[in-house]
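Engineer: structure10.pdb is reproduced below (PDB, C-alpha atoms, pLDDT in the B column).
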```pdb
MODEL        1
ATOM      1  CA  MET Y   1      29.612  23.658  32.767  1.00 53.00           C
ATOM      2  CA  THR Y   2      32.105  20.816  32.694  1.00 53.00           C
ATOM      3  CA  ARG Y   3      33.379  19.137  29.561  1.00 51.00           C
ATOM      4  CA  ALA Y   4      32.024  15.815  30.820  1.00 47.00           C
ATOM      5  CA  PHE Y   5      28.540  17.312  31.139  1.00 40.00           C
ATOM      6  CA  VAL Y   6      28.761  18.741  27.631  1.00 42.00           C
ATOM      7  CA  ARG Y   7      29.807  15.358  26.252  1.00 44.00           C
ATOM      8  CA  ILE Y   8      26.958  13.573  28.047  1.00 38.00           C
ATOM      9  CA  THR Y   9      24.431  16.160  26.849  1.00 38.00           C
ATOM     10  CA  ALA Y  10      25.675  15.903  23.257  1.00 38.00           C
ATOM     11  CA  ALA Y  11      25.540  12.108  23.381  1.00 38.00           C
ATOM     12  CA  ALA Y  12      21.977  12.194  24.710  1.00 38.00           C
ATOM     13  CA  ALA Y  13      20.972  14.534  21.893  1.00 39.00           C
ATOM     14  CA  LEU Y  14      22.449  12.186  19.285  1.00 38.00           C
ATOM     15  CA  VAL Y  15      20.583   9.231  20.783  1.00 35.00           C
ATOM     16  CA  ALA Y  16      17.329  11.210  20.677  1.00 36.00           C
ATOM     17  CA  ILE Y  17      17.900  12.090  17.018  1.00 33.00           C
ATOM     18  CA  ALA Y  18      18.689   8.468  16.162  1.00 34.00           C
ATOM     19  CA  LEU Y  19      15.532   7.232  17.895  1.00 34.00           C
ATOM     20  CA  ALA Y  20      13.437   9.797  16.074  1.00 37.00           C
ATOM     21  CA  ALA Y  21      14.792   8.495  12.774  1.00 39.00           C
ATOM     22  CA  THR Y  22      13.917   4.849  13.424  1.00 40.00           C
ATOM     23  CA  PRO Y  23      10.981   3.244  11.597  1.00 41.00           C
ATOM     24  CA  ALA Y  24       9.049   2.812  14.848  1.00 45.00           C
ATOM     25  CA  ALA Y  25       9.154   6.543  15.455  1.00 43.00           C
ATOM     26  CA  GLN Y  26       7.996   7.507  11.986  1.00 53.00           C
ATOM     27  CA  LYS Y  27       4.298   8.140  11.531  1.00 70.00           C
ATOM     28  CA  LEU Y  28       2.632   6.375   8.637  1.00 76.00           C
ATOM     29  CA  GLU Y  29       0.537   8.642   6.453  1.00 86.00           C
ATOM     30  CA  VAL Y  30      -2.620   6.721   5.600  1.00 91.00           C
ATOM     31  CA  LYS Y  31      -5.418   7.670   3.218  1.00 90.00           C
ATOM     32  CA  ALA Y  32      -8.499   5.759   2.129  1.00 92.00           C
ATOM     33  CA  GLU Y  33     -11.469   6.451  -0.133  1.00 91.00           C
ATOM     34  CA  ARG Y  34     -14.547   4.376  -0.873  1.00 94.00           C
ATOM     35  CA  ASP Y  35     -17.417   4.386  -3.294  1.00 93.00           C
ATOM     36  CA  PRO Y  36     -20.410   5.321  -1.110  1.00 92.00           C
ATOM     37  CA  ALA Y  37     -22.727   3.412  -3.451  1.00 92.00           C
ATOM     38  CA  ALA Y  38     -20.812   0.128  -3.203  1.00 94.00           C
ATOM     39  CA  ASP Y  39     -22.287  -2.711  -1.139  1.00 96.00           C
ATOM     40  CA  PHE Y  40     -19.331  -4.126   0.762  1.00 97.00           C
ATOM     41  CA  SER Y  41     -21.567  -6.556   2.660  1.00 96.00           C
ATOM     42  CA  ALA Y  42     -22.067  -8.476  -0.601  1.00 97.00           C
ATOM     43  CA  ILE Y  43     -18.339  -9.206  -0.991  1.00 98.00           C
ATOM     44  CA  ARG Y  44     -17.477 -12.821  -0.235  1.00 98.00           C
ATOM     45  CA  THR Y  45     -14.467 -13.663  -2.392  1.00 98.00           C
ATOM     46  CA  TYR Y  46     -11.369 -11.940  -3.737  1.00 98.00           C
ATOM     47  CA  ALA Y  47      -8.485 -12.497  -6.130  1.00 98.00           C
ATOM     48  CA  ILE Y  48      -5.193 -10.634  -6.093  1.00 96.00           C
ATOM     49  CA  LEU Y  49      -4.107  -9.432  -9.509  1.00 94.00           C
ATOM     50  CA  PRO Y  50      -0.533 -10.066 -10.629  1.00 89.00           C
ATOM     51  CA  PRO Y  51       1.817  -7.111 -10.192  1.00 81.00           C
ATOM     52  CA  THR Y  52       2.197  -4.648 -13.029  1.00 77.00           C
ATOM     53  CA  PRO Y  53       5.309  -5.312 -15.151  1.00 66.00           C
ATOM     54  CA  MET Y  54       7.051  -2.079 -14.189  1.00 54.00           C
ATOM     55  CA  VAL Y  55      10.591  -2.922 -15.195  1.00 43.00           C
ATOM     56  CA  THR Y  56      11.773   0.533 -14.113  1.00 46.00           C
ATOM     57  CA  ASN Y  57      10.141   0.267 -10.681  1.00 46.00           C
ATOM     58  CA  VAL Y  58      13.421  -0.548  -8.975  1.00 45.00           C
ATOM     59  CA  ALA Y  59      14.787   1.810  -6.376  1.00 50.00           C
ATOM     60  CA  PRO Y  60      18.135   3.496  -7.128  1.00 52.00           C
ATOM     61  CA  GLY Y  61      19.805   1.521  -4.338  1.00 50.00           C
ATOM     62  CA  ALA Y  62      18.763  -1.816  -5.810  1.00 45.00           C
ATOM     63  CA  LYS Y  63      22.076  -2.343  -7.590  1.00 44.00           C
ATOM     64  CA  GLY Y  64      23.778  -2.664  -4.223  1.00 41.00           C
ATOM     65  CA  ASN Y  65      20.635  -4.026  -2.576  1.00 42.00           C
ATOM     66  CA  PRO Y  66      18.727  -6.288  -4.981  1.00 39.00           C
ATOM     67  CA  ASN Y  67      15.822  -6.918  -2.572  1.00 40.00           C
ATOM     68  CA  LEU Y  68      14.637  -3.343  -3.121  1.00 47.00           C
ATOM     69  CA  SER Y  69      12.457  -4.153  -6.133  1.00 59.00           C
ATOM     70  CA  ASP Y  70       8.888  -5.104  -7.019  1.00 65.00           C
ATOM     71  CA  GLU Y  71      10.017  -8.631  -7.803  1.00 72.00           C
ATOM     72  CA  VAL Y  72      11.143  -9.157  -4.209  1.00 75.00           C
ATOM     73  CA  LEU Y  73       8.720  -6.956  -2.272  1.00 78.00           C
ATOM     74  CA  GLY Y  74       5.584  -7.741  -4.297  1.00 84.00           C
ATOM     75  CA  PRO Y  75       4.950 -11.193  -2.780  1.00 90.00           C
ATOM     76  CA  HIS Y  76       5.274  -9.745   0.730  1.00 91.00           C
ATOM     77  CA  ILE Y  77       2.723  -7.041  -0.069  1.00 91.00           C
ATOM     78  CA  ALA Y  78       0.344  -9.609  -1.575  1.00 94.00           C
ATOM     79  CA  ALA Y  79       0.725 -11.865   1.468  1.00 96.00           C
ATOM     80  CA  ALA Y  80       0.012  -8.981   3.835  1.00 96.00           C
ATOM     81  CA  VAL Y  81      -3.137  -8.075   1.880  1.00 97.00           C
ATOM     82  CA  GLU Y  82      -4.293 -11.700   1.930  1.00 97.00           C
ATOM     83  CA  ARG Y  83      -3.926 -11.845   5.719  1.00 97.00           C
ATOM     84  CA  GLN Y  84      -6.042  -8.716   6.078  1.00 97.00           C
ATOM     85  CA  LEU Y  85      -8.823  -9.985   3.820  1.00 98.00           C
ATOM     86  CA  ASP Y  86      -8.770 -13.494   5.300  1.00 98.00           C
ATOM     87  CA  ALA Y  87      -9.163 -11.966   8.777  1.00 98.00           C
ATOM     88  CA  ARG Y  88     -12.345 -10.330   7.507  1.00 98.00           C
ATOM     89  CA  GLY Y  89     -13.836 -13.613   6.405  1.00 98.00           C
ATOM     90  CA  LEU Y  90     -13.227 -13.160   2.695  1.00 98.00           C
ATOM     91  CA  VAL Y  91     -12.151 -16.210   0.721  1.00 98.00           C
ATOM     92  CA  LYS Y  92      -9.537 -16.314  -2.019  1.00 98.00           C
ATOM     93  CA  ALA Y  93     -10.992 -17.416  -5.352  1.00 98.00           C
ATOM     94  CA  PRO Y  94     -10.027 -17.664  -9.055  1.00 98.00           C
ATOM     95  CA  GLN Y  95      -9.798 -14.348 -10.882  1.00 97.00           C
ATOM     96  CA  ASP Y  96     -12.693 -15.129 -13.205  1.00 97.00           C
ATOM     97  CA  THR Y  97     -15.156 -15.799 -10.362  1.00 98.00           C
ATOM     98  CA  ALA Y  98     -14.030 -13.608  -7.465  1.00 98.00           C
ATOM     99  CA  ASP Y  99     -16.386 -10.836  -6.310  1.00 98.00           C
ATOM    100  CA  VAL Y 100     -13.538  -8.338  -6.192  1.00 98.00           C
ATOM    101  CA  HIS Y 101     -10.042  -8.012  -7.570  1.00 97.00           C
ATOM    102  CA  VAL Y 102      -7.199  -6.558  -5.540  1.00 96.00           C
ATOM    103  CA  ALA Y 103      -4.529  -4.491  -7.274  1.00 93.00           C
ATOM    104  CA  TYR Y 104      -1.454  -3.201  -5.471  1.00 90.00           C
ATOM    105  CA  LEU Y 105       1.690  -1.229  -6.171  1.00 84.00           C
ATOM    106  CA  ALA Y 106       4.719   0.022  -4.264  1.00 79.00           C
ATOM    107  CA  ALA Y 107       6.195   3.245  -5.627  1.00 74.00           C
ATOM    108  CA  LEU Y 108       9.916   2.592  -5.300  1.00 71.00           C
ATOM    109  CA  THR Y 109      11.396   5.088  -7.719  1.00 66.00           C
ATOM    110  CA  THR Y 110       9.180   8.118  -8.223  1.00 61.00           C
ATOM    111  CA  GLY Y 111       5.623   9.084  -7.444  1.00 61.00           C
ATOM    112  CA  VAL Y 112       2.787   7.348  -9.276  1.00 65.00           C
ATOM    113  CA  SER Y 113      -0.633   8.602 -10.272  1.00 70.00           C
ATOM    114  CA  GLN Y 114      -3.558   7.431  -8.157  1.00 71.00           C
ATOM    115  CA  THR Y 115      -5.051   6.214 -11.425  1.00 78.00           C
ATOM    116  CA  PHE Y 116      -2.071   4.133 -12.576  1.00 76.00           C
ATOM    117  CA  LEU Y 117      -3.469   0.754 -11.536  1.00 82.00           C
ATOM    118  CA  GLY Y 118      -6.874   1.467 -13.069  1.00 85.00           C
ATOM    119  CA  GLU Y 119      -5.292   2.568 -16.311  1.00 83.00           C
ATOM    120  CA  TYR Y 120      -3.129  -0.548 -16.483  1.00 83.00           C
ATOM    121  CA  TYR Y 121      -5.806  -3.114 -15.572  1.00 85.00           C
ATOM    122  CA  GLY Y 122      -8.637  -1.318 -17.361  1.00 87.00           C
ATOM    123  CA  TYR Y 123     -10.999  -0.526 -14.514  1.00 90.00           C
ATOM    124  CA  VAL Y 124     -12.639   2.772 -13.626  1.00 87.00           C
ATOM    125  CA  THR Y 125     -11.324   4.585 -10.575  1.00 79.00           C
ATOM    126  CA  GLY Y 126     -12.865   7.471  -8.714  1.00 70.00           C
ATOM    127  CA  TRP Y 127     -16.554   8.017  -7.999  1.00 58.00           C
ATOM    128  CA  GLY Y 128     -19.045  10.800  -8.006  1.00 48.00           C
ATOM    129  CA  SER Y 129     -17.764  11.763 -11.421  1.00 45.00           C
ATOM    130  CA  PRO Y 130     -19.846  13.561 -14.029  1.00 40.00           C
ATOM    131  CA  ILE Y 131     -18.167  11.368 -16.657  1.00 43.00           C
ATOM    132  CA  PRO Y 132     -20.186   8.196 -17.346  1.00 46.00           C
ATOM    133  CA  PRO Y 133     -18.372   4.986 -16.317  1.00 44.00           C
ATOM    134  CA  GLY Y 134     -16.393   3.481 -19.160  1.00 46.00           C
ATOM    135  CA  LEU Y 135     -15.724   6.756 -20.998  1.00 44.00           C
ATOM    136  CA  ALA Y 136     -12.601   7.510 -18.990  1.00 43.00           C
ATOM    137  CA  PRO Y 137     -10.322   5.291 -16.913  1.00 43.00           C
ATOM    138  CA  SER Y 138     -10.268   7.756 -14.048  1.00 41.00           C
ATOM    139  CA  THR Y 139     -11.274  11.142 -12.718  1.00 41.00           C
ATOM    140  CA  SER Y 140      -8.391  11.726 -10.320  1.00 46.00           C
ATOM    141  CA  SER Y 141      -4.954  13.231 -10.864  1.00 49.00           C
ATOM    142  CA  THR Y 142      -3.573  12.689  -7.357  1.00 59.00           C
ATOM    143  CA  ILE Y 143       0.089  11.702  -7.307  1.00 63.00           C
ATOM    144  CA  HIS Y 144       1.361   9.283  -4.678  1.00 65.00           C
ATOM    145  CA  GLN Y 145       4.896  10.096  -3.642  1.00 63.00           C
ATOM    146  CA  LYS Y 146       7.870   7.735  -3.630  1.00 73.00           C
ATOM    147  CA  GLY Y 147       7.688   5.121  -0.883  1.00 74.00           C
ATOM    148  CA  THR Y 148       3.896   4.775  -1.037  1.00 81.00           C
ATOM    149  CA  ILE Y 149       2.065   1.448  -1.125  1.00 85.00           C
ATOM    150  CA  VAL Y 150      -1.261   1.585  -2.972  1.00 86.00           C
ATOM    151  CA  VAL Y 151      -4.125  -0.944  -2.765  1.00 93.00           C
ATOM    152  CA  ASP Y 152      -7.284  -0.885  -4.906  1.00 93.00           C
ATOM    153  CA  ILE Y 153     -10.358  -3.054  -4.399  1.00 96.00           C
ATOM    154  CA  VAL Y 154     -12.220  -3.507  -7.687  1.00 95.00           C
ATOM    155  CA  GLN Y 155     -15.646  -4.929  -8.491  1.00 96.00           C
ATOM    156  CA  ARG Y 156     -14.781  -7.655 -10.978  1.00 97.00           C
ATOM    157  CA  ALA Y 157     -18.041  -7.708 -12.922  1.00 95.00           C
ATOM    158  CA  ALA Y 158     -18.370  -3.926 -13.194  1.00 94.00           C
ATOM    159  CA  LYS Y 159     -14.616  -3.310 -13.593  1.00 94.00           C
ATOM    160  CA  ARG Y 160     -14.932  -0.426 -11.192  1.00 93.00           C
ATOM    161  CA  GLY Y 161     -12.772   0.514  -8.225  1.00 94.00           C
ATOM    162  CA  ILE Y 162     -14.789   0.741  -5.016  1.00 96.00           C
ATOM    163  CA  TRP Y 163     -12.013   1.332  -2.456  1.00 95.00           C
ATOM    164  CA  HIS Y 164      -8.614   2.969  -2.712  1.00 92.00           C
ATOM    165  CA  GLY Y 165      -6.087   2.961   0.084  1.00 92.00           C
ATOM    166  CA  SER Y 166      -2.555   4.283   0.305  1.00 89.00           C
ATOM    167  CA  VAL Y 167       0.105   4.543   2.952  1.00 88.00           C
ATOM    168  CA  ILE Y 168       3.458   6.294   2.792  1.00 84.00           C
ATOM    169  CA  THR Y 169       5.903   3.788   4.279  1.00 78.00           C
ATOM    170  CA  ARG Y 170       9.234   4.891   2.798  1.00 69.00           C
ATOM    171  CA  ILE Y 171      10.222   1.240   2.564  1.00 63.00           C
ATOM    172  CA  GLU Y 172      13.100   2.233   0.290  1.00 60.00           C
ATOM    173  CA  GLN Y 173      14.831   3.757   3.318  1.00 65.00           C
ATOM    174  CA  GLU Y 174      15.188   0.404   5.055  1.00 63.00           C
ATOM    175  CA  ARG Y 175      18.447  -1.472   4.550  1.00 68.00           C
ATOM    176  CA  LYS Y 176      17.384  -5.030   5.428  1.00 82.00           C
ATOM    177  CA  LEU Y 177      14.657  -7.067   3.770  1.00 82.00           C
ATOM    178  CA  GLU Y 178      13.208  -8.143   7.119  1.00 86.00           C
ATOM    179  CA  ASP Y 179      12.821  -4.486   8.108  1.00 84.00           C
ATOM    180  CA  ARG Y 180      11.021  -3.759   4.844  1.00 81.00           C
ATOM    181  CA  VAL Y 181       8.682  -6.693   5.414  1.00 87.00           C
ATOM    182  CA  LYS Y 182       7.906  -5.456   8.949  1.00 88.00           C
ATOM    183  CA  ARG Y 183       7.127  -2.030   7.550  1.00 85.00           C
ATOM    184  CA  ILE Y 184       4.904  -3.550   4.832  1.00 87.00           C
ATOM    185  CA  ASN Y 185       2.963  -5.563   7.426  1.00 92.00           C
ATOM    186  CA  GLU Y 186       2.566  -2.522   9.651  1.00 91.00           C
ATOM    187  CA  ALA Y 187       1.413  -0.485   6.662  1.00 89.00           C
ATOM    188  CA  MET Y 188      -1.245  -3.047   5.738  1.00 93.00           C
ATOM    189  CA  ASP Y 189      -2.460  -3.170   9.337  1.00 95.00           C
ATOM    190  CA  ARG Y 190      -2.914   0.590   9.288  1.00 93.00           C
ATOM    191  CA  ILE Y 191      -4.438   0.894   5.844  1.00 94.00           C
ATOM    192  CA  PHE Y 192      -7.012  -1.857   6.407  1.00 97.00           C
ATOM    193  CA  GLN Y 193      -8.148  -0.239   9.645  1.00 96.00           C
ATOM    194  CA  ARG Y 194     -10.027   2.041   7.248  1.00 96.00           C
ATOM    195  CA  PHE Y 195     -11.507  -0.778   5.167  1.00 97.00           C
ATOM    196  CA  PRO Y 196     -15.328  -0.985   5.421  1.00 96.00           C
ATOM    197  CA  ILE Y 197     -15.301  -4.709   6.294  1.00 97.00           C
ATOM    198  CA  LYS Y 198     -13.990  -5.231   9.830  1.00 96.00           C
ATOM    199  CA  PRO Y 199     -12.074  -8.289  11.090  1.00 96.00           C
ATOM    200  CA  ARG Y 200     -14.107 -11.142  12.540  1.00 92.00           C
ATOM    201  CA  GLY Y 201     -13.984 -11.957  16.216  1.00 76.00           C
TER     202      GLY Y 201
ENDMDL
END
```
Here is a file; write its structure as structure tokens.
Structural biologist:
Amino acid sequence: MTRAFVRITAAAALVAIALAATPAAQKLEVKAERDPAADFSAIRTYAILPPTPMVTNVAPGAKGNPNLSDEVLGPHIAAAVERQLDARGLVKAPQDTADVHVAYLAALTTGVSQTFLGEYYGYVTGWGSPIPPGLAPSTSSTIHQKGTIVVDIVQRAAKRGIWHGSVITRIEQERKLEDRVKRINEAMDRIFQRFPIKPRG
């Protein structure tokens, strides 16, 4: 075996490893749950809730990369959610009249409880629980790991979550804001594939 052949083989192996590490090659881990008793066909309007004031939800690399924070990424997540809901014929409305509220969160530092959003906004999450609604904020103790984007759809009048979706995107691993935005958009495409209301046309 010649040295040239060894060098070419080693170079090919490094290229293969680099390609495997790119965002396009990484599989997104998507999960979704819904309340089987909820009537999604009755949903016409939505309102996106403001992000939670998690001052500590800034990734460790944010000091050298300030766009790795909720303040910067939040609007991109909200915009991606809006595009998904608009494509399904839902109309954005004021918070006090919308059929459903949308809560979202990107876990940039550490894992977050599946119930975090419900506990913060005061709506019940989980279904099929023996605990009567309103007596506990949640029935789930699932922890979403770092890099996960979480979206909850909540019945406004009942203050009850009816759909919970999550996708592990590892957006904190991206170095450029445009790459993070691409990953966010891809994540929302994947997560809303499991939403009960399908896109129109």
Engineer: Counting all atoms listed in the file, figure out which residue out of Y:Leu49, Y:Ala78, Y:Ala103, Y:Leu85 gets nearest to Thr115 (chain Y).
Structural biologist: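 Ranking Y:Leu49, Y:Ala78, Y:Ala103, Y:Leu85 by distance to Thr115 (chain Y), first place goes to Y:Ala103.
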Engineer: To one decimal in Å, tell me the separation between CA of Val100 (chain Y) and CA of Phe195 (chain Y).
Structural biologist: 13.8 Å
Engineer: Between CA of Asp189 (chain Y) and CA of Val102 (chain Y), what is the distance, to one decimal in Å?
Structural biologist: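 Those two atoms sit 16.0 Å apart.
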Engineer: Could you please determine the separation between CA of Lys198 (chain Y) and CA of Thr52 (chain Y) in Å, to one decimal place?
Structural biologist: 28.0 Å
Engineer: Could you tell me, as a count of residues only, exactly which residues end up selected when the PyMOL selection byres ((chain Y and resi 163) around 6) is applied to this structure?
Structural biologist: 7
Engineer: Which residues come within 9 Å of Gly118 (chain Y), counting only C-alpha atoms, excluding same-chain residues fewer than 4 positions away, as a PyMOL selection string?
Structural biologist: chain Y and resi 103+114+122-125+137-138+152+160-161
Engineer: Counting all atoms listed in the file, which of Y:Ile149, Y:Val154, Y:Val91, Y:Val181 gets nearest to Gly126 (chain Y)?
Structural biologist: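 Ranked by minimum distance to Gly126 (chain Y), first place goes to Y:Val154.
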Engineer: Check which residues satisfy the PyMOL selection byres ((chain Y and resi 169) around 8) in the file shown, then give them as JSON, numbers by chain.
Structural biologist: {"Y": [28, 29, 147, 148, 149, 167, 168, 170, 171, 183, 184, 187]}
Engineer: From the list Y:Ser41, Y:Asn185, Y:Gln84, Y:Gln155, which residue is nearest Asp96 (chain Y) when using only C-alpha atoms?
Structural biologist: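 Comparing Y:Ser41, Y:Asn185, Y:Gln84, Y:Gln155 against Asp96 (chain Y), the winner is Y:Gln155.
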Engineer: Would you kindly return, as a PyMOL selection string, each protein, DNA or RNA residue with an atom no farther than 7 Å from any atom of Tyr104 (chain Y), considering only C-alpha atoms and excluding same-chain residues fewer than 3 positions away?
Structural biologist: chain Y and resi 51+150-152
Engineer: Measuring between all atoms listed in the file, which one of Y:Ala93, Y:Ser113, Y:Ala106, Y:Gly165 shows the shortest distance to Pro196 (chain Y)?
Structural biologist: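 Going through Y:Ala93, Y:Ser113, Y:Ala106, Y:Gly165 one by one, the smallest distance to Pro196 (chain Y) is for Y:Gly165.
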Engineer: Let me know the residues the PyMOL selection byres ((chain Y and resi 82) around 10) catches in the file above, as a ChimeraX atom specification.
Structural biologist: /Y:46-48,76-81,83-88,90-92,102,188
Engineer: For each of Y:Lys27, Y:Ile197, Y:Arg190, Y:Arg156, take the minimum atom-to-atom distance to Gln95 (chain Y), counting only C-alpha atoms, then give the residue where this is smallest.
Structural biologist: Y:Arg156
Engineer: Can you sort out region 88-118 of chain Y so it carries N, CA and C atoms, written as a PDB file, in the frame of the given file?
Structural biologist:
```pdb
ATOM      1  N   ARG Y  88     -11.004 -10.904   7.629  1.00 98.00           N
ATOM      2  CA  ARG Y  88     -12.345 -10.330   7.507  1.00 98.00           C
ATOM      3  C   ARG Y  88     -13.349 -11.325   6.944  1.00 98.00           C
ATOM      4  N   GLY Y  89     -12.929 -12.563   6.844  1.00 98.00           N
ATOM      5  CA  GLY Y  89     -13.836 -13.613   6.405  1.00 98.00           C
ATOM      6  C   GLY Y  89     -13.971 -13.757   4.910  1.00 98.00           C
ATOM      7  N   LEU Y  90     -13.167 -13.021   4.143  1.00 98.00           N
ATOM      8  CA  LEU Y  90     -13.227 -13.160   2.695  1.00 98.00           C
ATOM      9  C   LEU Y  90     -12.395 -14.377   2.268  1.00 98.00           C
ATOM     10  N   VAL Y  91     -12.790 -14.981   1.178  1.00 98.00           N
ATOM     11  CA  VAL Y  91     -12.151 -16.210   0.721  1.00 98.00           C
ATOM     12  C   VAL Y  91     -11.475 -15.971  -0.624  1.00 98.00           C
ATOM     13  N   LYS Y  92     -10.260 -16.448  -0.759  1.00 98.00           N
ATOM     14  CA  LYS Y  92      -9.537 -16.314  -2.019  1.00 98.00           C
ATOM     15  C   LYS Y  92     -10.162 -17.210  -3.077  1.00 98.00           C
ATOM     16  N   ALA Y  93     -10.317 -16.677  -4.279  1.00 98.00           N
ATOM     17  CA  ALA Y  93     -10.992 -17.416  -5.352  1.00 98.00           C
ATOM     18  C   ALA Y  93     -10.282 -17.149  -6.682  1.00 98.00           C
ATOM     19  N   PRO Y  94     -10.615 -17.921  -7.729  1.00 98.00           N
ATOM     20  CA  PRO Y  94     -10.027 -17.664  -9.055  1.00 98.00           C
ATOM     21  C   PRO Y  94     -10.414 -16.277  -9.557  1.00 98.00           C
ATOM     22  N   GLN Y  95      -9.556 -15.705 -10.389  1.00 97.00           N
ATOM     23  CA  GLN Y  95      -9.798 -14.348 -10.882  1.00 97.00           C
ATOM     24  C   GLN Y  95     -11.106 -14.219 -11.647  1.00 97.00           C
ATOM     25  N   ASP Y  96     -11.505 -15.256 -12.365  1.00 97.00           N
ATOM     26  CA  ASP Y  96     -12.693 -15.129 -13.205  1.00 97.00           C
ATOM     27  C   ASP Y  96     -14.000 -15.320 -12.444  1.00 97.00           C
ATOM     28  N   THR Y  97     -13.930 -15.639 -11.144  1.00 98.00           N
ATOM     29  CA  THR Y  97     -15.156 -15.799 -10.362  1.00 98.00           C
ATOM     30  C   THR Y  97     -15.197 -14.940  -9.101  1.00 98.00           C
ATOM     31  N   ALA Y  98     -14.085 -14.378  -8.710  1.00 98.00           N
ATOM     32  CA  ALA Y  98     -14.030 -13.608  -7.465  1.00 98.00           C
ATOM     33  C   ALA Y  98     -14.949 -12.390  -7.522  1.00 98.00           C
ATOM     34  N   ASP Y  99     -15.530 -12.023  -6.381  1.00 98.00           N
ATOM     35  CA  ASP Y  99     -16.386 -10.836  -6.310  1.00 98.00           C
ATOM     36  C   ASP Y  99     -15.577  -9.574  -6.581  1.00 98.00           C
ATOM     37  N   VAL Y 100     -14.383  -9.519  -6.002  1.00 98.00           N
ATOM     38  CA  VAL Y 100     -13.538  -8.338  -6.192  1.00 98.00           C
ATOM     39  C   VAL Y 100     -12.124  -8.753  -6.562  1.00 98.00           C
ATOM     40  N   HIS Y 101     -11.460  -7.869  -7.281  1.00 97.00           N
ATOM     41  CA  HIS Y 101     -10.042  -8.012  -7.570  1.00 97.00           C
ATOM     42  C   HIS Y 101      -9.277  -7.031  -6.695  1.00 97.00           C
ATOM     43  N   VAL Y 102      -8.063  -7.415  -6.337  1.00 96.00           N
ATOM     44  CA  VAL Y 102      -7.199  -6.558  -5.540  1.00 96.00           C
ATOM     45  C   VAL Y 102      -5.966  -6.230  -6.366  1.00 96.00           C
ATOM     46  N   ALA Y 103      -5.729  -4.943  -6.565  1.00 93.00           N
ATOM     47  CA  ALA Y 103      -4.529  -4.491  -7.274  1.00 93.00           C
ATOM     48  C   ALA Y 103      -3.660  -3.725  -6.284  1.00 93.00           C
ATOM     49  N   TYR Y 104      -2.352  -3.882  -6.401  1.00 90.00           N
ATOM     50  CA  TYR Y 104      -1.454  -3.201  -5.471  1.00 90.00           C
ATOM     51  C   TYR Y 104      -0.205  -2.718  -6.201  1.00 90.00           C
ATOM     52  N   LEU Y 105       0.469  -1.773  -5.580  1.00 84.00           N
ATOM     53  CA  LEU Y 105       1.690  -1.229  -6.171  1.00 84.00           C
ATOM     54  C   LEU Y 105       2.502  -0.547  -5.084  1.00 84.00           C
ATOM     55  N   ALA Y 106       3.810  -0.721  -5.134  1.00 79.00           N
ATOM     56  CA  ALA Y 106       4.719   0.022  -4.264  1.00 79.00           C
ATOM     57  C   ALA Y 106       5.525   0.965  -5.140  1.00 79.00           C
ATOM     58  N   ALA Y 107       5.448   2.249  -4.849  1.00 74.00           N
ATOM     59  CA  ALA Y 107       6.195   3.245  -5.627  1.00 74.00           C
ATOM     60  C   ALA Y 107       7.621   3.313  -5.084  1.00 74.00           C
ATOM     61  N   LEU Y 108       8.549   2.682  -5.786  1.00 71.00           N
ATOM     62  CA  LEU Y 108       9.916   2.592  -5.300  1.00 71.00           C
ATOM     63  C   LEU Y 108      10.840   3.642  -5.907  1.00 71.00           C
ATOM     64  N   THR Y 109      10.493   4.152  -7.049  1.00 66.00           N
ATOM     65  CA  THR Y 109      11.396   5.088  -7.719  1.00 66.00           C
ATOM     66  C   THR Y 109      10.884   6.520  -7.624  1.00 66.00           C
ATOM     67  N   THR Y 110       9.763   6.775  -8.238  1.00 61.00           N
ATOM     68  CA  THR Y 110       9.180   8.118  -8.223  1.00 61.00           C
ATOM     69  C   THR Y 110       7.710   7.993  -7.862  1.00 61.00           C
ATOM     70  N   GLY Y 111       7.037   9.104  -7.746  1.00 61.00           N
ATOM     71  CA  GLY Y 111       5.623   9.084  -7.444  1.00 61.00           C
ATOM     72  C   GLY Y 111       4.820   8.475  -8.594  1.00 61.00           C
ATOM     73  N   VAL Y 112       3.662   7.916  -8.262  1.00 65.00           N
ATOM     74  CA  VAL Y 112       2.787   7.348  -9.276  1.00 65.00           C
ATOM     75  C   VAL Y 112       1.409   7.978  -9.156  1.00 65.00           C
ATOM     76  N   SER Y 113       0.717   8.065 -10.266  1.00 70.00           N
ATOM     77  CA  SER Y 113      -0.633   8.602 -10.272  1.00 70.00           C
ATOM     78  C   SER Y 113      -1.577   7.667  -9.527  1.00 70.00           C
ATOM     79  N   GLN Y 114      -2.552   8.237  -8.844  1.00 71.00           N
ATOM     80  CA  GLN Y 114      -3.558   7.431  -8.157  1.00 71.00           C
ATOM     81  C   GLN Y 114      -4.317   6.552  -9.150  1.00 71.00           C
ATOM     82  N   THR Y 115      -4.291   6.937 -10.402  1.00 78.00           N
ATOM     83  CA  THR Y 115      -5.051   6.214 -11.425  1.00 78.00           C
ATOM     84  C   THR Y 115      -4.224   5.157 -12.152  1.00 78.00           C
ATOM     85  N   PHE Y 116      -2.950   5.013 -11.809  1.00 76.00           N
ATOM     86  CA  PHE Y 116      -2.071   4.133 -12.576  1.00 76.00           C
ATOM     87  C   PHE Y 116      -2.608   2.709 -12.672  1.00 76.00           C
ATOM     88  N   LEU Y 117      -3.005   2.136 -11.531  1.00 82.00           N
ATOM     89  CA  LEU Y 117      -3.469   0.754 -11.536  1.00 82.00           C
ATOM     90  C   LEU Y 117      -4.719   0.591 -12.387  1.00 82.00           C
ATOM     91  N   GLY Y 118      -5.651   1.538 -12.270  1.00 85.00           N
ATOM     92  CA  GLY Y 118      -6.874   1.467 -13.069  1.00 85.00           C
ATOM     93  C   GLY Y 118      -6.589   1.554 -14.550  1.00 85.00           C
TER      94      GLY Y 118
END
```
